[in-house]
$ cat entry.txt   # compact mmCIF, C-alpha atoms and all ligand atoms
# COMPACT_ATOMS: atom_id res chain seq x y z
CA MET A 118 13.61 13.98 -85.33
CA PRO A 119 12.80 17.60 -86.25
CA ASP A 120 13.87 20.13 -83.65
CA MET A 121 10.66 21.31 -82.06
CA THR A 122 12.34 23.11 -79.22
CA ASP A 123 11.54 26.64 -80.34
CA ALA A 124 7.92 25.84 -81.08
CA LEU A 125 7.50 24.08 -77.76
CA ILE A 126 9.08 26.93 -75.83
CA THR A 127 6.69 29.36 -77.47
CA GLN A 128 3.80 27.12 -76.42
CA LEU A 129 5.16 26.92 -72.90
CA LYS A 130 5.48 30.68 -72.61
CA LYS A 131 1.87 31.04 -73.73
CA ALA A 132 0.66 28.46 -71.23
CA GLN A 133 2.65 30.14 -68.48
CA SER A 134 1.17 33.55 -69.09
CA LYS A 135 -2.33 32.06 -69.19
CA TYR A 136 -1.60 30.34 -65.91
CA LYS A 137 -0.50 33.61 -64.33
CA GLU A 138 -3.54 35.41 -65.67
CA ALA A 139 -5.84 32.76 -64.21
CA LEU A 140 -4.10 33.04 -60.85
CA GLU A 141 -4.46 36.80 -60.85
CA ASN A 142 -8.16 36.44 -61.57
CA GLY A 143 -8.48 33.95 -58.75
CA ASN A 144 -9.55 31.23 -61.17
CA GLN A 145 -7.89 28.18 -59.58
CA GLU A 146 -9.50 25.72 -61.94
CA MET A 147 -8.19 27.48 -65.02
CA ALA A 148 -4.76 27.85 -63.37
CA HIS A 149 -4.78 24.13 -62.73
CA LEU A 150 -5.52 23.35 -66.36
CA HIS A 151 -2.73 25.61 -67.61
CA SER A 152 -0.17 24.27 -65.17
CA GLU A 153 -1.00 20.74 -66.31
CA GLU A 154 -0.65 21.84 -69.89
CA SER A 155 2.73 23.40 -69.05
CA ALA A 156 3.86 20.17 -67.42
CA ARG A 157 2.91 18.24 -70.59
CA ILE A 158 4.86 20.66 -72.77
CA CYS A 159 7.91 20.26 -70.52
CA VAL A 160 7.74 16.48 -70.89
CA ALA A 161 7.59 16.95 -74.65
CA LEU A 162 10.62 19.25 -74.43
CA ALA A 163 12.46 16.58 -72.46
CA LYS A 164 11.78 13.99 -75.17
CA ASN A 165 12.73 16.44 -77.86
CA SER A 166 16.15 17.30 -76.47
CA PRO A 167 17.74 14.36 -74.66
CA LYS A 168 20.71 16.48 -73.61
CA GLU A 169 18.51 18.74 -71.54
CA LYS A 170 16.20 15.97 -70.45
CA GLU A 171 16.85 16.26 -66.75
CA LYS A 172 16.25 20.00 -66.67
CA TYR A 173 12.91 19.79 -68.47
CA LEU A 174 11.68 16.85 -66.42
CA LYS A 175 12.47 18.82 -63.29
CA LEU A 176 10.56 21.76 -64.66
CA ALA A 177 7.65 19.46 -65.53
CA SER A 178 7.49 18.26 -61.97
CA ASN A 179 7.61 21.84 -60.74
CA TRP A 180 4.59 22.60 -62.89
CA LYS A 181 2.76 19.62 -61.46
CA ASN A 182 3.58 20.85 -57.97
CA ALA A 183 2.44 24.34 -58.85
CA VAL A 184 -1.11 23.16 -58.40
CA ILE A 185 -0.37 21.97 -54.92
CA VAL A 186 1.68 24.95 -53.80
CA LYS A 187 -0.97 27.55 -54.28
CA GLY A 188 0.11 30.49 -56.33
CA LYS A 189 3.68 29.34 -56.90
CA THR A 190 4.75 29.86 -60.49
CA PRO A 191 7.60 27.65 -61.58
CA SER A 192 10.16 29.88 -63.10
CA PHE A 193 10.32 29.22 -66.79
CA HIS A 194 13.20 31.55 -67.56
CA SER A 195 15.48 30.55 -64.77
CA HIS A 196 15.26 26.90 -65.64
CA ILE A 197 15.64 27.27 -69.35
CA GLU A 198 17.69 30.37 -69.89
CA GLY A 199 19.17 31.01 -66.49
CA ASN A 200 17.63 34.47 -66.26
CA SER A 201 16.39 36.01 -63.07
CA GLU A 202 13.42 34.31 -61.49
CA SER A 203 9.96 35.49 -60.82
CA SER A 204 9.66 37.11 -57.45
CA GLU A 205 7.34 34.39 -56.16
CA SER A 206 9.79 31.53 -56.56
CA ASN A 207 12.59 33.79 -55.43
CA ASN A 208 10.79 34.26 -52.16
CA GLY A 209 10.50 30.51 -51.79
CA PHE A 210 14.25 30.09 -52.10
CA LYS A 211 14.82 33.00 -49.77
CA SER A 212 12.74 31.46 -47.04
CA GLN A 213 14.65 28.21 -47.44
CA ALA A 214 17.89 30.16 -47.20
CA GLU A 215 16.53 31.64 -43.98
CA ASN A 216 16.01 28.11 -42.67
CA LEU A 217 19.77 27.69 -42.73
CA ILE A 218 20.22 30.44 -40.16
CA SER A 219 21.30 29.20 -36.76
CA SER A 220 22.05 31.27 -33.74
CA SER A 221 25.36 30.96 -31.99
CA LEU A 222 25.89 31.48 -28.31
CA VAL A 223 29.56 30.50 -28.39
CA ARG A 224 31.98 33.22 -27.31
CA TRP A 225 35.76 33.38 -27.62
CA ASP A 226 36.12 32.70 -23.90
CA ASP A 227 34.33 29.35 -24.24
CA ILE A 228 37.25 28.14 -26.30
CA GLY A 229 40.22 27.07 -24.21
CA GLY A 230 43.72 27.98 -25.39
CA LEU A 231 44.30 28.05 -29.18
CA GLU A 232 45.55 31.59 -28.69
CA GLU A 233 47.34 31.87 -32.02
CA THR A 234 44.41 30.44 -33.99
CA LYS A 235 41.97 32.74 -32.26
CA ARG A 236 44.24 35.73 -32.88
CA LEU A 237 44.39 35.00 -36.62
CA LEU A 238 40.63 34.62 -36.85
CA MET A 239 39.90 37.73 -34.82
CA GLU A 240 42.26 39.73 -37.02
CA THR A 241 40.50 38.49 -40.13
CA ILE A 242 37.14 39.56 -38.79
CA VAL A 243 38.34 42.93 -37.61
CA VAL A 244 39.90 43.75 -40.98
CA ALA A 245 36.67 42.77 -42.71
CA GLY A 246 34.60 44.93 -40.40
CA LEU A 247 36.68 48.12 -40.12
CA GLN A 248 36.40 51.07 -42.47
CA LYS A 249 39.39 50.95 -44.77
CA PRO A 250 40.89 52.23 -48.00
CA GLU A 251 39.52 50.47 -51.05
CA SER A 252 42.74 48.71 -51.90
CA ILE A 253 42.79 46.90 -48.58
CA LYS A 254 40.62 43.92 -49.37
CA PRO A 255 39.35 41.64 -46.64
CA TRP A 256 39.88 37.91 -47.11
CA LYS A 257 37.18 36.44 -49.33
CA GLY A 258 36.99 33.14 -47.57
CA VAL A 259 38.64 31.51 -44.61
CA LEU A 260 39.33 27.78 -44.32
CA LEU A 261 39.84 26.15 -40.95
CA PHE A 262 41.59 22.81 -41.20
CA GLY A 263 42.97 20.29 -38.74
CA PRO A 264 42.32 16.94 -37.08
CA PRO A 265 38.76 16.09 -35.99
CA GLY A 266 37.60 17.46 -32.66
CA THR A 267 40.07 20.33 -32.45
CA GLY A 268 37.45 23.06 -32.20
CA LYS A 269 36.90 24.17 -35.79
CA THR A 270 33.12 24.23 -35.57
CA MET A 271 33.39 25.97 -32.22
CA LEU A 272 35.72 28.62 -33.62
CA ALA A 273 33.35 29.39 -36.49
CA SER A 274 30.47 29.65 -34.04
CA ALA A 275 32.53 31.98 -31.85
CA CYS A 276 33.14 34.28 -34.85
CA ALA A 277 29.39 34.53 -35.33
CA GLY A 278 28.61 34.68 -31.62
CA SER A 279 31.08 37.43 -30.83
CA LEU A 280 29.84 39.59 -33.69
CA ASP A 281 26.21 38.78 -33.03
CA ALA A 282 26.26 37.87 -36.69
CA THR A 283 23.66 35.91 -38.61
CA MET A 284 25.14 32.48 -39.14
CA PHE A 285 24.16 30.38 -42.14
CA ASN A 286 24.96 26.74 -41.58
CA VAL A 287 25.56 25.34 -45.01
CA GLN A 288 26.48 21.72 -44.51
CA GLY A 289 26.83 20.23 -47.96
CA ASP A 290 25.42 16.77 -47.46
CA LYS A 291 22.46 17.94 -45.46
CA ILE A 292 21.40 20.52 -48.00
CA THR A 293 21.71 18.27 -50.99
CA SER A 294 19.76 15.46 -49.44
CA LYS A 295 17.07 17.71 -48.08
CA TYR A 296 16.53 20.02 -51.00
CA PHE A 297 17.79 17.78 -53.76
CA GLY A 298 17.86 19.60 -57.07
CA GLU A 299 17.03 23.02 -55.73
CA SER A 300 20.03 23.46 -53.50
CA SER A 301 21.97 25.68 -55.87
CA LYS A 302 19.03 28.06 -56.12
CA ILE A 303 18.76 28.21 -52.35
CA LEU A 304 22.44 28.90 -52.02
CA SER A 305 22.23 31.78 -54.45
CA SER A 306 19.65 33.21 -52.11
CA VAL A 307 21.88 32.69 -49.09
CA TYR A 308 24.04 35.68 -49.98
CA ASP A 309 20.99 37.86 -50.68
CA VAL A 310 19.63 37.11 -47.24
CA ALA A 311 23.13 37.40 -45.72
CA LYS A 312 23.35 40.90 -47.15
CA GLU A 313 19.99 41.87 -45.68
CA LYS A 314 20.87 40.46 -42.30
CA ALA A 315 24.53 41.53 -42.15
CA PRO A 316 26.84 41.11 -40.37
CA SER A 317 26.65 37.53 -41.57
CA ILE A 318 28.79 34.45 -41.60
CA VAL A 319 28.23 31.77 -44.18
CA PHE A 320 29.68 28.63 -42.67
CA MET A 321 30.33 25.47 -44.66
CA ASP A 322 31.16 22.81 -42.16
CA GLU A 323 32.86 19.62 -43.35
CA ILE A 324 33.34 20.99 -46.83
CA ASP A 325 35.33 17.89 -47.84
CA GLY A 326 32.10 15.89 -47.62
CA VAL A 327 30.80 17.85 -50.59
CA ALA A 328 34.02 17.91 -52.49
CA ALA A 329 35.37 14.43 -51.98
CA ASN A 330 32.66 11.89 -52.79
CA ARG A 331 32.46 11.22 -56.46
CA ASN A 332 30.34 9.25 -58.90
CA THR A 333 27.01 9.24 -57.15
CA ASP A 334 23.93 11.30 -57.94
CA ALA A 335 24.05 12.96 -54.57
CA SER A 336 27.65 13.95 -55.04
CA GLU A 337 26.86 15.35 -58.48
CA ALA A 338 24.24 17.53 -56.87
CA SER A 339 26.66 18.44 -54.10
CA LYS A 340 29.28 19.48 -56.56
CA ARG A 341 26.84 21.55 -58.54
CA MET A 342 25.78 23.15 -55.32
CA LEU A 343 29.34 23.83 -54.33
CA SER A 344 30.18 25.41 -57.65
CA THR A 345 27.12 27.66 -57.35
CA LEU A 346 28.21 28.69 -53.91
CA LEU A 347 31.72 29.43 -55.07
CA THR A 348 30.48 31.45 -58.03
CA THR A 349 28.15 33.41 -55.80
CA MET A 350 31.03 34.02 -53.43
CA ASP A 351 33.13 35.36 -56.28
CA GLY A 352 30.40 37.67 -57.50
CA PHE A 353 29.83 38.84 -54.02
CA ALA A 354 33.43 39.49 -53.15
CA SER A 355 34.08 41.49 -56.30
CA LYS A 356 31.32 43.98 -55.53
CA LYS A 357 32.29 47.05 -53.66
CA ASN A 358 30.60 46.95 -50.31
CA ASN A 359 31.10 47.78 -46.72
CA ILE A 360 28.86 45.12 -45.26
CA LEU A 361 30.47 42.32 -43.35
CA ILE A 362 29.81 38.94 -44.88
CA LEU A 363 32.43 36.32 -44.24
CA THR A 364 32.53 32.86 -45.75
CA LEU A 365 34.08 30.29 -43.44
CA ALA A 366 34.70 26.64 -44.20
CA ALA A 367 36.03 23.80 -42.09
CA THR A 368 37.56 20.46 -42.99
CA ASN A 369 39.33 17.48 -41.43
CA ALA A 370 40.68 16.46 -44.82
CA PRO A 371 42.16 19.49 -46.56
CA TRP A 372 43.99 17.28 -49.07
CA ASP A 373 40.64 16.20 -50.54
CA LEU A 374 39.84 19.73 -51.67
CA ASP A 375 40.54 20.58 -55.27
CA ASP A 376 42.14 23.76 -56.58
CA ALA A 377 38.85 25.43 -57.48
CA ILE A 378 37.76 25.23 -53.89
CA LEU A 379 41.10 26.10 -52.38
CA SER A 380 41.47 29.20 -54.51
CA ARG A 381 38.27 30.57 -52.98
CA PHE A 382 39.75 30.24 -49.53
CA PRO A 383 43.05 32.09 -49.72
CA ARG A 384 43.20 32.35 -45.94
CA ARG A 385 43.84 28.90 -44.47
CA ILE A 386 44.17 28.59 -40.73
CA TYR A 387 45.55 25.45 -39.10
CA VAL A 388 43.70 24.29 -36.00
CA PRO A 389 46.22 21.88 -34.49
CA LEU A 390 45.86 19.33 -31.74
CA PRO A 391 45.97 21.15 -28.41
CA ASP A 392 49.43 21.88 -27.02
CA LYS A 393 50.09 21.74 -23.29
CA GLN A 394 48.71 25.17 -22.53
CA THR A 395 45.56 24.63 -24.60
CA THR A 396 45.06 21.16 -23.12
CA HIS A 397 45.29 22.61 -19.62
CA ALA A 398 42.79 25.34 -20.51
CA ILE A 399 40.31 22.87 -22.04
CA LEU A 400 40.47 20.50 -19.06
CA LYS A 401 39.87 23.43 -16.76
CA LEU A 402 36.91 24.69 -18.78
CA HIS A 403 35.26 21.28 -18.78
CA THR A 404 35.62 20.77 -15.02
CA LYS A 405 35.10 24.37 -14.04
CA ASP A 406 32.77 24.05 -11.05
CA ILE A 407 34.49 21.01 -9.59
CA GLY A 408 37.56 21.17 -7.36
CA MET A 409 40.90 19.68 -8.29
CA ASP A 410 43.13 17.73 -5.96
CA CYS A 411 45.83 16.79 -8.41
CA ASP A 412 48.49 18.34 -10.61
CA LEU A 413 46.54 19.37 -13.72
CA GLU A 414 49.75 20.52 -15.44
CA LYS A 415 51.10 16.98 -15.26
CA ILE A 416 47.86 15.48 -16.52
CA ALA A 417 47.86 17.98 -19.40
CA ALA A 418 51.41 16.96 -20.32
CA GLU A 419 50.36 13.31 -20.36
CA CYS A 420 47.36 14.12 -22.59
CA VAL A 421 49.57 15.97 -25.08
CA LYS A 422 51.83 12.92 -25.31
CA LYS A 423 48.81 10.80 -26.17
CA CYS A 424 47.70 13.20 -28.96
CA TYR A 425 44.24 13.86 -27.52
CA SER A 426 41.99 16.34 -29.32
CA GLY A 427 39.78 18.94 -27.66
CA ARG A 428 36.83 16.60 -28.04
CA ASP A 429 38.76 13.78 -26.31
CA LEU A 430 39.63 16.15 -23.49
CA SER A 431 35.98 17.00 -23.06
CA THR A 432 35.18 13.26 -22.95
CA ILE A 433 38.00 12.59 -20.48
CA SER A 434 36.75 15.35 -18.19
CA GLN A 435 33.24 13.90 -18.29
CA LYS A 436 34.48 10.40 -17.56
CA ALA A 437 36.64 11.60 -14.67
CA ILE A 438 33.67 13.44 -13.20
CA HIS A 439 31.49 10.34 -13.48
CA THR A 440 34.12 8.20 -11.77
CA MET A 441 34.18 10.69 -8.91
CA VAL A 442 30.37 10.76 -8.72
CA ASN A 443 30.16 6.95 -8.62
CA ASP A 444 32.85 6.87 -5.99
CA LYS A 445 31.03 9.31 -3.71
CA ASN A 446 27.55 7.93 -4.34
CA PRO A 447 27.99 4.14 -4.38
CA ASN A 448 24.37 3.04 -4.42
CA LEU A 449 23.07 5.68 -6.76
CA HIS A 450 20.83 3.30 -8.71
CA GLU A 451 18.82 2.43 -5.62
CA LEU A 452 17.51 5.99 -5.50
CA ALA A 453 15.70 5.25 -8.76
CA ARG A 454 12.89 3.77 -6.65
CA LEU A 455 12.18 7.16 -5.11
CA PRO A 456 9.44 9.37 -6.49
CA PHE A 457 10.81 12.20 -8.59
CA GLU A 458 9.66 14.79 -6.05
CA GLU A 459 11.79 13.09 -3.39
CA LEU A 460 14.72 12.81 -5.75
CA LYS A 461 14.70 16.52 -6.43
CA LYS A 462 15.24 17.24 -2.74
CA ARG A 463 18.48 15.26 -2.52
CA LYS A 464 21.95 16.34 -3.55
CA LEU A 465 24.76 14.42 -5.24
CA ASN A 466 27.87 14.01 -3.10
CA THR A 467 31.01 15.33 -4.74
CA ARG A 468 34.71 15.68 -4.01
CA PRO A 469 37.63 17.27 -5.87
CA LEU A 470 38.97 15.27 -8.82
CA ILE A 471 42.09 13.20 -8.27
CA LEU A 472 44.72 11.70 -10.55
CA ALA A 473 43.11 8.24 -10.45
CA ASP A 474 39.85 9.65 -11.93
CA PHE A 475 41.79 11.03 -14.88
CA ASN A 476 43.93 7.92 -15.30
CA GLU A 477 40.89 5.73 -15.59
CA ALA A 478 39.35 8.12 -18.11
CA MET A 479 42.51 8.18 -20.22
CA ASN A 480 42.79 4.41 -20.21
CA THR A 481 39.44 4.14 -21.94
CA THR A 482 39.86 6.97 -24.46
CA ASN A 483 41.61 6.55 -27.80
CA PRO A 484 43.00 9.58 -29.58
CA PRO A 485 41.54 10.34 -33.05
CA VAL A 486 44.77 10.51 -35.03
CA ASN A 487 48.18 8.87 -34.99
CA SER A 488 51.49 10.54 -35.56
CA ILE A 489 51.51 9.64 -39.26
CA THR A 490 48.25 11.45 -39.93
CA LEU A 491 49.43 14.26 -37.74
CA SER A 492 52.52 14.85 -39.84
CA LYS A 493 50.24 14.90 -42.90
CA TYR A 494 48.45 17.91 -41.42
CA GLU A 495 51.75 19.60 -40.56
CA GLN A 496 53.00 19.02 -44.09
CA TRP A 497 49.81 20.36 -45.67
CA ASN A 498 50.03 23.40 -43.44
CA LYS A 499 53.58 24.05 -44.57
CA GLU A 500 52.64 23.78 -48.23
CA PHE A 501 49.20 25.38 -48.36
CA GLY A 502 48.54 27.06 -45.03
CA ALA A 503 48.40 30.84 -45.09
N1 LIG B 1 39.60 24.68 -27.56
C1 LIG B 1 38.53 24.09 -27.01
N2 LIG B 1 37.96 24.57 -25.88
C2 LIG B 1 36.89 23.98 -25.32
N3 LIG B 1 36.30 22.88 -25.82
C3 LIG B 1 36.80 22.34 -26.93
C4 LIG B 1 37.93 22.91 -27.60
N4 LIG B 1 38.21 22.18 -28.69
C5 LIG B 1 37.30 21.20 -28.72
N5 LIG B 1 36.45 21.28 -27.67
C6 LIG B 1 35.35 20.35 -27.36
O1 LIG B 1 35.30 19.40 -28.40
C7 LIG B 1 34.03 19.42 -29.05
C8 LIG B 1 34.22 19.27 -30.53
O2 LIG B 1 34.75 20.44 -31.10
P1 LIG B 1 34.40 20.85 -32.59
O3 LIG B 1 34.50 22.33 -32.71
O4 LIG B 1 33.12 20.23 -33.01
O5 LIG B 1 35.61 20.16 -33.37
P2 LIG B 1 35.83 20.04 -34.95
O6 LIG B 1 34.81 20.88 -35.62
O7 LIG B 1 37.23 20.54 -35.15
O8 LIG B 1 35.73 18.59 -35.25
C9 LIG B 1 33.40 20.73 -28.65
O9 LIG B 1 32.03 20.62 -28.61
C10 LIG B 1 34.01 21.01 -27.28
O10 LIG B 1 33.28 20.34 -26.28
MG MG B 2 33.23 20.15 -36.74
$ encode --input "entry.txt" --output "structure tokens"
Amino acid sequence: MPDMTDALITQLKKAQSKYKEALENGNQEMAHLHSEESARICVALAKNSPKEKEKYLKLASNWKNAVIVKGKTPSFHSHIEGNSESSESNNGFKSQAENLISSSLVRWDDIGGLEETKRLLMETIVVAGLQKPESIKPWKGVLLFGPPGTGKTMLASACAGSLDATMFNVQGDKITSKYFGESSKILSSVYDVAKEKAPSIVFMDEIDGVAANRNTDASEASKRMLSTLLTTMDGFASKKNNILILTLAATNAPWDLDDAILSRFPRRIYVPLPDKQTTHAILKLHTKDIGMDCDLEKIAAECVKKCYSGRDLSTISQKAIHTMVNDKNPNLHELARLPFEELKKRKLNTRPLILADFNEAMNTTNPPVNSITLSKYEQWNKEFGA
């Protein structure tokens, strides 16, 4: 088959400029015709070069959509040659990047214990934010790793919350499934928007989800997305700048991350299961407006023995509180017959928590990890933590 690529690309460029001209003149009908023509040329390009088939078919569908999304010009250059996009489509990606912004109300004080982990993170942020000689480089990326439920997501949110930073929640699986195919473009925009809205934190939660699954279409897209993100991070970090943009990632399975990813996160902070002091602090936080008629130190020691995570401790506190509530309000369900207005006037009976409330809660709560998995984390920390 003769290579028609060049001829077809010339045709496509012509059709594109006619499409733009029609749009500028407000001639929707003409624009429609030219976008359809462009879509046909892209299909021909796909047939002509099987290697690039996927790319051209995607572009073809963008041209078909161009009629629906009024005034949106699919970017010919960016798809074929990887050049910079037209400002219209750029804006589209930017607004999708903005959709990833979430606000964080978590403050350092909401996190019980974990003093050493918090200190390391705070230091990292302060170094990134302070004025400093050029040779003192802030960490490019920070990885939080540790067993599930130990507060990694909370810690990242506290970084953003304490700085009043713009937080971009880039959770691999969600992005790829939602914006399949366009996710890498959106992610390139994330850092542009992050720069505009600095201080910013780009947070990739559960990064192993993107990196670990292999051999499915979705994971291919995820990996492409991840590599875009990492490249953007590199480009960003190498530029001289005094704006604070920090990339944070979190994982429960650090051993699933490959070298390419790890190298982008030279700072790796272990978020361990809570020790006695942290356990005590978490239990206190989660029962804060309820009295205590038992030795919380002893209960904390028991929880540490059982390898409970922060999330388990939050569950245990809730269960203990419910046991107490049921105890003090035995026929609670009968009140369901009352009209809501009546209900609002009444108050729950409470009493301080006692050991039995906690014991019952612990009996029905299984810890997330066993000692074998735990030593895997310790080992990984020894080898790769920094
Ligand atoms: N140090 C802590 N202080 C207070 N609550 C905690 C702490 N660690 C965990 N929790 C509780 O556990 C839940 C899960 O924490 P999260 O940050 O999502 O864990 P991870 O991201 O490590 O899986 C939190 O929503 C919070 O209720
Ligand atoms: Mg989490």
$ residues_near_ligand --input "entry.txt" --ligand "ligand MG 2 (chain B)" --cutoff "9 Å" --atoms "all atoms listed in the file" --output "list in words"
Pro265, Gly266, Thr267, Gly268, Lys269, Thr270, Met271, Asp322, Glu323, Ala367, Thr368 and Asn369 of chain A
$ closest_residue --input "entry.txt" --among "A:Ala366, A:Ser212, A:Ala156, A:Phe262" --to "Ala503 in chain A" --atoms "all atoms listed in the file"
A:Phe262
$ atom_distance --input "entry.txt" --atom1 "CA of Leu140 in chain A" --atom2 "CA of Lys181 in chain A"
15.1 Å
$ residues_around --input "entry.txt" --residues "Lys235 in chain A" --least-positions-apart "4" --cutoff "8 Å" --atoms "all atoms listed in the file" --output "ChimeraX atom specification"
/A:225,231,239,272
$ atom_distance --input "entry.txt" --atom1 "CA of Asp226 in chain A" --atom2 "CA of Asp392 in chain A"
17.4 Å
$ closest_residue --input "entry.txt" --among "A:Ile378, A:Leu465, A:Met441, A:Met321" --to "ligand LIG 1 (chain B)" --atoms "all atoms listed in the file"
A:Met321
$ closest_residue --input "entry.txt" --among "A:Lys168, A:His397, A:Lys461, A:Lys137" --to "ligand LIG 1 (chain B)" --atoms "only C-alpha atoms and all ligand atoms"
A:His397
$ residues_around --input "entry.txt" --residues "Gly258 in chain A" --least-positions-apart "3" --cutoff "7 Å" --atoms "all atoms listed in the file" --output "PyMOL selection string"
chain A and resi 363-365+381-384
$ axis_aligned_box --input "entry.txt" --around "range 130-143 of chain A" --padding-each-side "8 Å" --output "JSON"
{"center_x": -1.5, "center_y": 32.6, "center_z": -66.2, "size_x": 30.0, "size_y": 24.3, "size_z": 31.0}
